[in-house]
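Just below is one structure, and these are the notes that go with it.
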Amino acid sequence: MKNINSITALTFTGLLLVGCNATQPSFSPDNTVVKVSNGKSYNIPVGANISPYVDEKVIKFYQKIGLNECKDGDTTWEEENAKDEMNIAISKGDRTIYQKLAKEGRIGCASPIN
């Protein structure tokens, strides 16, 4: 009887942990919110921040790492956790972090909303 209670308790705990893990929201670049930067509105993914400074060089760099949809006049954004990962990688001299994050959809560009 003790074994059955132990197995039942372990099974319940396991299911609870799996259920909680499966319902955690994950970052999705398709789930957006309108944010304003420099007087312009952009659809930015929920959980991402608009980059404080964007110029032609930044846009060209984003295009170079695979974000070909970026164009002049766009702003760039980073998922909150991606920002931390970039800072750590750059401090170690790893510049491939940008390509990794671009492939994962955790950094990107947004055009102004008309």
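Just so we're on the same page: first chain in the structure tokens is A, next is B, and so on; residues restart at 1 for each chain, and ligands are numbered from 1 in the order they show up.
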
Next item on the list: Considering only C-alpha atoms, return as a VMD selection string whatever protein or nucleic-acid residues lie within 7 Å of stretch 43-45 of chain A, sequence-local ones (same chain, fewer than 3 positions apart) excluded.
Entry: chain A and resid 28 to 35 48 110

Margin query: Give me the residues near stretch 68-82 of chain A as a list in words, where near means some atom within 8 Å (using only C-alpha atoms) and where sequence neighbours in that chain fewer than 4 positions away do not count.
Written below: Phe27, Ile44, Pro45, Gly47, Ala48, Asn49, Ile50, Ser51, Val54, Asp55, Glu56, Ile59, Tyr62, Gln63, Lys64, Met86, Leu101, Arg106, Ile107, Gly108, Cys109, Ala110, Ser111 and Pro112 of chain A

Next item on the list: State, in Å with one decimal place, the distance from atom CA of A:Val58 to atom CA of A:Ile97.
Entry: 15.2 Å

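Minimum atom-to-atom distances from A:Ile113, A:Ile65, A:Ala102, A:Ile90 to A:Gly39 were compared using only C-alpha atoms, and the lowest value belongs to A:Ile113.
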
Check: atom CA of A:Lys83 and atom CA of A:Ser41, how far apart in Å?
Finding: 21.5 Å

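Relative to atom CA of A:Lys92, atom CA of A:Val46 is found at 28.4 Å.
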
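Here the question is which of A:Gly66, A:Tyr42, A:Val36, A:Pro52 gets nearest to A:Glu104 using only C-alpha atoms, and that residue is A:Gly66.
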
Write out as a PDB file with N, CA and C atoms, in the first residue's frame all residues of stretch 50-97 of chain A that backbone DSSP assigns to strand (DSSP E).
ATOM      1  N   ILE A  50      12.833  48.178 -27.795  1.00  0.00           N
ATOM      2  CA  ILE A  50      13.323  48.908 -28.958  1.00  0.00           C
ATOM      3  C   ILE A  50      14.755  49.338 -28.667  1.00  0.00           C
ATOM      4  N   THR A  75      13.265  50.461 -37.028  1.00  0.00           N
ATOM      5  CA  THR A  75      13.945  50.394 -35.742  1.00  0.00           C
ATOM      6  C   THR A  75      14.304  48.930 -35.509  1.00  0.00           C
ATOM      7  N   THR A  76      15.202  48.692 -34.593  1.00  0.00           N
ATOM      8  CA  THR A  76      15.553  47.315 -34.254  1.00  0.00           C
ATOM      9  C   THR A  76      15.060  47.022 -32.847  1.00  0.00           C
ATOM     10  N   TRP A  77      14.878  45.743 -32.551  1.00  0.00           N
ATOM     11  CA  TRP A  77      14.408  45.327 -31.230  1.00  0.00           C
ATOM     12  C   TRP A  77      15.148  44.062 -30.816  1.00  0.00           C
ATOM     13  N   GLU A  78      15.203  43.852 -29.512  1.00  0.00           N
ATOM     14  CA  GLU A  78      15.809  42.652 -28.942  1.00  0.00           C
ATOM     15  C   GLU A  78      14.906  42.109 -27.854  1.00  0.00           C
ATOM     16  N   GLU A  79      14.768  40.800 -27.813  1.00  0.00           N
ATOM     17  CA  GLU A  79      14.088  40.159 -26.694  1.00  0.00           C
ATOM     18  C   GLU A  79      14.881  40.501 -25.433  1.00  0.00           C
TER      19      GLU A  79
END
